[in-house]
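*Asks:* Here it is: the structure, laid out below.
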Amino acid sequence: MTRIYGGPAAFAREALAGFCDLHAEFVHPVDGGVIRSTRTPAGKVALVVGGGSGHYPAFAGYVGPGLADGAAVGEVFTSPSTARIVEVARRAQHGGGVLLAFGNYAGDVLNFGAAARQLAAEGIAAHTLPVTDDIASASGAERADRRGIAGNVIVYKIAGAAAEAGYDLDDVVRVARLANDRTRSLGVAFAGVTLPGKSEPLFTVEPASLDVGLGIHGEPGISTRAMTDADGLARLLVDRVLAEAPAGAGTRITALLNGLGATKYEELFLLWGRVARLLAAAGLEPVAPIVGEFVTSLDMAGCSLTVSWLDDELERLWLAPADAPALHRGTVSPAEHVTAAPATRTATIAVPAASESSAAAADRIAEVLSYLARTLADAETELAEIDAFAGDGDHGEGMVRGSRAAAEAAHTAVERGAGAATTLLAAADAWAAQAGGTSGALWGIGLRTAAYEFSDDTAVSMPQVVRAARAALNAVVDAGGAVVGDKTLVDALEPLVRSLETDAADRDSAQRWADAATAATLAARDTARLTPRLGRARPLAARSVGHPDAGAVSLALCATAVGQALAQ
C-alpha cells in the first residue's frame, strides 16, 4: 500500500511540491502543474504533457530541455481539469504554438481537447495528441480507442526533440503522430494498487497468477493466466508486442521495459536480458533501449514492454540530447535559469446586477448544491467501490471534490449579489476545475449549459428547469459521445429529463423532481446488465457486467438530493 502520506486528499499536491523543491533546476511550479525553469527561445513549439498523479516520473519528470516544456498534473489517477491544462500551456508556450500530448483516456480527451479549443480562442495555436500504444485495450482495427501507457515516454521524447530542433507546430505534430503509430506496449501485473489512505487494493491478483493487459489507473488486466518464470514472461511480452508490428516496419527499434512501482530494478534487468535475446532472435536491432520506472501506478507490482519501430528521422530524434529529472541523454546546450514570473491572475469579474427574484433563486441553487455535496460525501465510499470493479475507484472522490467546490462557488456568488444564471455558471466552472477527470468535465459542461437557460433578471420557473435539463443532456452527449446503452451517466440522465418533460406541468416541482429522480435511480440500477462501450471500463467490459455504472449511480444520487432539497 501507499504508506507515506499526510491527508489522502493532499497527496498529489504535496508530492508535487516536494518534487519541485528538489528539482528547481528543471521546473517551476505553476497553477495546475509545472513548467521549465530554463530559458527557452522565442518561437519554439511548446510540448505540454499531462495526466493524473500517481504515475511518476510521468508526467512532471519529463519537463526539461529536449523534452516537455510543461506538465499539467491532476489528482491521483484523475485527468487534470481544463483550467489546469490551459494555465500550464499559457505559462509554457513561447509563441510557436502548443502540442498537448496525453494518454488516450476519456477524461484526458475531454479536458485536453477543451483546453486546445480555449487556447485557440485566445490566439494560441494548439493541437492534441492522444497516445494509443496499449495493445490489450482494443483490437488493431480500433487503434484509435487504445489507451496510452508507457509508450507515452517514447512519443514525448521524439516530439520534444523535434520541438527543440526548431520544427514548426505542424511538423512536431507529424513526427509525434508517426511515433505513436509505430509504438506498441503490453503490461502485466502481479499485484494491484492501493490508493493513499486506503487499506485494500483496487484489484487483486490470485496467487500464482498474473494479470495481462492492465491499465495504469488501477484497472485490472484484460485476462488472467498462470504465473510464469522470467523466460515465459519475456516470451509473452515479446510475442504479443511483435505480433502487432506496424505495416512496413523495419528492423531498427527502440524498446522500453517499464516497472509499475513495486517491481525492482534488478528484476527488470534480469527480464531485459531475456527480452533482448528474443528481440535479436526476431532480427530486430534495439537502439538505445531503456529499462526502469517510467510510467508507474503507485505501488502496483508489474511491468510493461514497449517497442517502437524507428525510421531515420525518428531514430535521430530518439537519440537527441535531453535533460529532465527522469530522463537524461547526451549533453544539452547550457540554458539560463530563469525566475518564474508570477501567475497572471484573472481580475475579479464584476457580478451582473440581479433582480430580487433571481437573487432568491440563486440562494436556493446554492442551498441545493450544498445538500447535494453532503449527499455525495456520504456516498463517496459506495461510489468508489462501484467504480473499482472496472475502473480506478476514484469516482466518489472526484464527485465530492467537484460538488463541494461548486457549492462553495455558488455561496460566494450569492454573497456578491449574483443572480441564478451567474451563480450556476460559477458553480459549473468550479466543479469542472476541482473534480478533473471525465466526470468533472461532463458535469461542468452540463451545469454551464443549464445555466444559459436561466437569467439574472427573473425568477427560475419550472419550464426553464426542464429546458435546462434537456440542454444539459444534449451538451453532455455532444461532448462525451455517449448515448443510452453505453453504460454511462447518460443512461440515468436521459430518463430523468424525459420524466421532467412528460410530467404534468401543474404538479408540484419537488414532486416532479422526486419522480424524475426515481426514474434516474431505476435506470442507473439497470446499467448493471449493460456492457460498457466507452471510457476506462470498456477494455474490462466482462468484469463490469453485473455492476451498475458509477457515473449513472452518482447522477441518480444527485437527482434524488435535488428533489429532497426542494421538498424541504
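Ordering of the C-alpha cells sets the chain letters (A, B, ...); residue numbers start at 1 within each chain; ligands are numbered from 1 in the order shown.
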With only C-alpha atoms as the counted atoms, please give the residues lying no more than 9 Å from Thr38 (chain A), apart from itself and same-chain residues fewer than 5 positions off, as number ranges by chain.
*Replies:* A: 25-27, 64-65, 335-339
*Asks:* Could you please write out, as a list in words, every residue of region 137-262 of chain A that DSSP assigns to strand (DSSP E or B)?
*Replies:*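 For region 137-262 of chain A, the strand (DSSP E or B) set is Thr183, Arg184, Ser185, Leu186, Gly187, Val188, Ala189, Phe190, Ala191, Ser209, Leu210, Asp211, Val212, Ser223, Thr224, Arg225, Ala226, Arg252, Ile253, Thr254, Ala255, Leu256, Leu257, Asn258, Gly259 and Gly261 of chain A.
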*Asks:* Taking 4 positions as the minimum chain separation for residues in the same chain, which residues sit within 8 Å of Leu210 (chain A) when counting only C-alpha atoms? Answer as a ChimeraX atom specification.
*Replies:* /A:188-191,205-206,224-227
*Asks:* Put those residues in a file: C-alpha atoms, as an mmCIF file, in the first residue's frame.
*Replies:*
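Contents of part-v4.cif, as written:
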```cif
data_model
loop_
_atom_site.group_PDB
_atom_site.id
_atom_site.type_symbol
_atom_site.label_atom_id
_atom_site.label_comp_id
_atom_site.auth_asym_id
_atom_site.auth_seq_id
_atom_site.Cartn_x
_atom_site.Cartn_y
_atom_site.Cartn_z
ATOM 1 C CA VAL A 188 1.296 -7.405 -16.775
ATOM 2 C CA ALA A 189 0.524 -7.111 -13.060
ATOM 3 C CA PHE A 190 1.500 -9.343 -10.159
ATOM 4 C CA ALA A 191 -0.406 -7.338 -7.524
ATOM 5 C CA VAL A 205 -4.294 -10.930 -8.496
ATOM 6 C CA GLU A 206 -4.850 -14.523 -7.485
ATOM 7 C CA THR A 224 -5.552 -13.733 -16.033
ATOM 8 C CA ARG A 225 -3.092 -16.548 -16.626
ATOM 9 C CA ALA A 226 -0.839 -18.773 -14.578
ATOM 10 C CA MET A 227 2.326 -17.177 -13.254
#
```
*Asks:* Could you go through region 364-515 of chain A and tell me which residues DSSP, when run on the backbone, assigns to alpha helix (DSSP H), listing them as a PyMOL selection string?
*Replies:* chain A and resi 364-378+380-388+395-415+420-435+437-451+462-480+490-502+509-515
*Asks:* Using only C-alpha atoms, determine which residues lie at most 7 Å from region 562-567 of chain A, disregarding the query and same-chain residues fewer than 3 positions distant; provide the list as a PyMOL selection string.
*Replies:* chain A and resi 368+371-372+510+513-514+558-559
*Asks:* Would you save the residues from that selection as a CSV table (one decimal), in the first residue's frame, using C-alpha atoms?
*Replies:*
```
chain,number,residue,atom,x,y,z
A,368,VAL,CA,-29.4,22.7,-3.2
A,371,TYR,CA,-27.3,19.5,0.1
A,372,LEU,CA,-26.1,17.6,-3.0
A,510,ALA,CA,-40.5,19.0,-5.8
A,513,TRP,CA,-38.2,16.1,-9.3
A,514,ALA,CA,-38.8,13.2,-7.0
A,558,CYS,CA,-27.7,13.9,-7.2
A,559,ALA,CA,-31.2,14.0,-8.7
```
*Asks:* Using only C-alpha atoms, which residues sit within 12 Å of Thr204 (chain A) once same-chain residues fewer than 6 positions away are excluded, as number ranges by chain?
*Replies:* A: 189-194, 210-211, 214, 218-221, 224, 300-301, 388-389
*Asks:* Any chance you could export the current selection's N, CA and C atoms as a compact mmCIF listing (two decimals), in the first residue's frame?
*Replies:*
```txt
# COMPACT_ATOMS: atom_id res chain seq x y z
N ALA A 189 0.51 -7.46 -14.48
CA ALA A 189 0.52 -7.11 -13.06
C ALA A 189 0.62 -8.37 -12.22
N PHE A 190 1.39 -8.27 -11.13
CA PHE A 190 1.50 -9.34 -10.16
C PHE A 190 0.69 -9.04 -8.90
N ALA A 191 0.41 -7.76 -8.67
CA ALA A 191 -0.41 -7.34 -7.52
C ALA A 191 -0.99 -5.98 -7.84
N GLY A 192 -2.17 -5.69 -7.26
CA GLY A 192 -2.88 -4.45 -7.55
C GLY A 192 -2.32 -3.25 -6.82
N VAL A 193 -2.96 -2.11 -7.04
CA VAL A 193 -2.51 -0.83 -6.50
C VAL A 193 -3.46 -0.38 -5.39
N THR A 194 -2.89 0.21 -4.35
CA THR A 194 -3.68 0.72 -3.23
C THR A 194 -3.55 2.23 -3.17
N LEU A 210 -0.94 -14.04 -12.92
CA LEU A 210 -0.64 -12.67 -13.30
C LEU A 210 -1.75 -12.16 -14.20
N ASP A 211 -2.00 -10.85 -14.10
CA ASP A 211 -3.00 -10.19 -14.94
C ASP A 211 -2.30 -9.64 -16.18
N LEU A 214 -3.09 -4.86 -18.14
CA LEU A 214 -3.58 -3.95 -17.11
C LEU A 214 -3.52 -2.51 -17.60
N GLY A 218 -5.09 1.62 -11.93
CA GLY A 218 -5.69 0.66 -11.02
C GLY A 218 -6.68 -0.27 -11.68
N GLU A 219 -6.80 -0.17 -13.03
CA GLU A 219 -7.68 -1.11 -13.72
C GLU A 219 -7.01 -2.48 -13.77
N PRO A 220 -7.74 -3.54 -13.48
CA PRO A 220 -7.16 -4.88 -13.57
C PRO A 220 -6.87 -5.24 -15.02
N GLY A 221 -6.20 -6.37 -15.21
CA GLY A 221 -5.87 -6.82 -16.55
C GLY A 221 -7.09 -7.29 -17.32
N THR A 224 -6.42 -13.18 -17.07
CA THR A 224 -5.55 -13.73 -16.03
C THR A 224 -4.99 -15.06 -16.52
N MET A 300 1.78 -0.54 -7.58
CA MET A 300 1.44 -1.75 -8.33
C MET A 300 2.70 -2.56 -8.63
N ALA A 301 2.61 -3.86 -8.49
CA ALA A 301 3.69 -4.77 -8.87
C ALA A 301 3.41 -5.25 -10.29
N ALA A 388 -14.52 0.76 -8.84
CA ALA A 388 -13.32 -0.09 -8.81
C ALA A 388 -13.52 -1.41 -9.55
N PHE A 389 -14.77 -1.81 -9.81
CA PHE A 389 -14.98 -3.09 -10.49
C PHE A 389 -14.36 -3.09 -11.88
```
*Asks:* Which residues of region 186-240 of chain A have any atom within 12 Å of an atom in region 99-117 of chain A when counting only C-alpha atoms, and what is the closest pair of atoms for each, with the distance in Å to one decimal? Order the rows by chain and rising number and write it as JSON lines.
*Replies:*
```
{"residue": "A:Gly215", "atom": "CA", "partner": "A:Tyr105", "partner_atom": "CA", "distance": 10.4}
{"residue": "A:Ile216", "atom": "CA", "partner": "A:Gly103", "partner_atom": "CA", "distance": 10.1}
{"residue": "A:His217", "atom": "CA", "partner": "A:Tyr105", "partner_atom": "CA", "distance": 10.1}
```
*Asks:* Closest to Ala92 (chain A) among A:Pro130, A:Ser185, A:Leu47, A:Pro246, using only C-alpha atoms?
*Replies:* A:Leu47
*Asks:* Find the residues near region 281-291 of chain A: any atom within 7 Å, counting only C-alpha atoms, skip ones fewer than 2 places away on the same chain, and give them as a list in words.
*Replies:*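 Near region 281-291 of chain A, the qualifying residues are Thr251, Arg252, Ile253, Thr254, Ala255, Leu256, Leu257, Asn258, Leu268, Arg277, Leu278 and Leu279 of chain A.
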*Asks:* Only N, CA and C atoms, please: the residues just picked out, written as a PDB file, in the first residue's frame.
*Replies:*
```pdb
ATOM      1  N   THR A 251      13.854  -3.073 -39.134  1.00  0.00           N
ATOM      2  CA  THR A 251      14.494  -3.836 -38.055  1.00  0.00           C
ATOM      3  C   THR A 251      15.029  -2.946 -36.944  1.00  0.00           C
ATOM      4  N   ARG A 252      15.110  -1.643 -37.173  1.00  0.00           N
ATOM      5  CA  ARG A 252      15.611  -0.724 -36.150  1.00  0.00           C
ATOM      6  C   ARG A 252      14.463  -0.335 -35.228  1.00  0.00           C
ATOM      7  N   ILE A 253      14.652  -0.581 -33.947  1.00  0.00           N
ATOM      8  CA  ILE A 253      13.609  -0.302 -32.963  1.00  0.00           C
ATOM      9  C   ILE A 253      14.230   0.389 -31.761  1.00  0.00           C
ATOM     10  N   THR A 254      13.397   0.949 -30.926  1.00  0.00           N
ATOM     11  CA  THR A 254      13.802   1.174 -29.554  1.00  0.00           C
ATOM     12  C   THR A 254      12.836   0.422 -28.662  1.00  0.00           C
ATOM     13  N   ALA A 255      13.283   0.129 -27.452  1.00  0.00           N
ATOM     14  CA  ALA A 255      12.455  -0.628 -26.518  1.00  0.00           C
ATOM     15  C   ALA A 255      12.547   0.003 -25.138  1.00  0.00           C
ATOM     16  N   LEU A 256      11.460  -0.128 -24.404  1.00  0.00           N
ATOM     17  CA  LEU A 256      11.360   0.416 -23.048  1.00  0.00           C
ATOM     18  C   LEU A 256      10.728  -0.656 -22.172  1.00  0.00           C
ATOM     19  N   LEU A 257      11.478  -1.122 -21.178  1.00  0.00           N
ATOM     20  CA  LEU A 257      10.955  -2.077 -20.200  1.00  0.00           C
ATOM     21  C   LEU A 257      10.673  -1.295 -18.925  1.00  0.00           C
ATOM     22  N   ASN A 258       9.421  -1.250 -18.540  1.00  0.00           N
ATOM     23  CA  ASN A 258       8.936  -0.327 -17.510  1.00  0.00           C
ATOM     24  C   ASN A 258       8.458  -1.059 -16.265  1.00  0.00           C
ATOM     25  N   LEU A 268      13.903  -6.118 -13.270  1.00  0.00           N
ATOM     26  CA  LEU A 268      13.755  -5.625 -14.633  1.00  0.00           C
ATOM     27  C   LEU A 268      15.010  -5.895 -15.452  1.00  0.00           C
ATOM     28  N   ARG A 277      17.418 -10.932 -25.923  1.00  0.00           N
ATOM     29  CA  ARG A 277      17.742 -12.105 -26.739  1.00  0.00           C
ATOM     30  C   ARG A 277      16.602 -12.437 -27.694  1.00  0.00           C
ATOM     31  N   LEU A 278      15.378 -12.322 -27.235  1.00  0.00           N
ATOM     32  CA  LEU A 278      14.229 -12.613 -28.096  1.00  0.00           C
ATOM     33  C   LEU A 278      14.086 -11.581 -29.211  1.00  0.00           C
ATOM     34  N   LEU A 279      14.355 -10.322 -28.904  1.00  0.00           N
ATOM     35  CA  LEU A 279      14.298  -9.291 -29.945  1.00  0.00           C
ATOM     36  C   LEU A 279      15.374  -9.545 -30.998  1.00  0.00           C
TER      37      LEU A 279
END
```
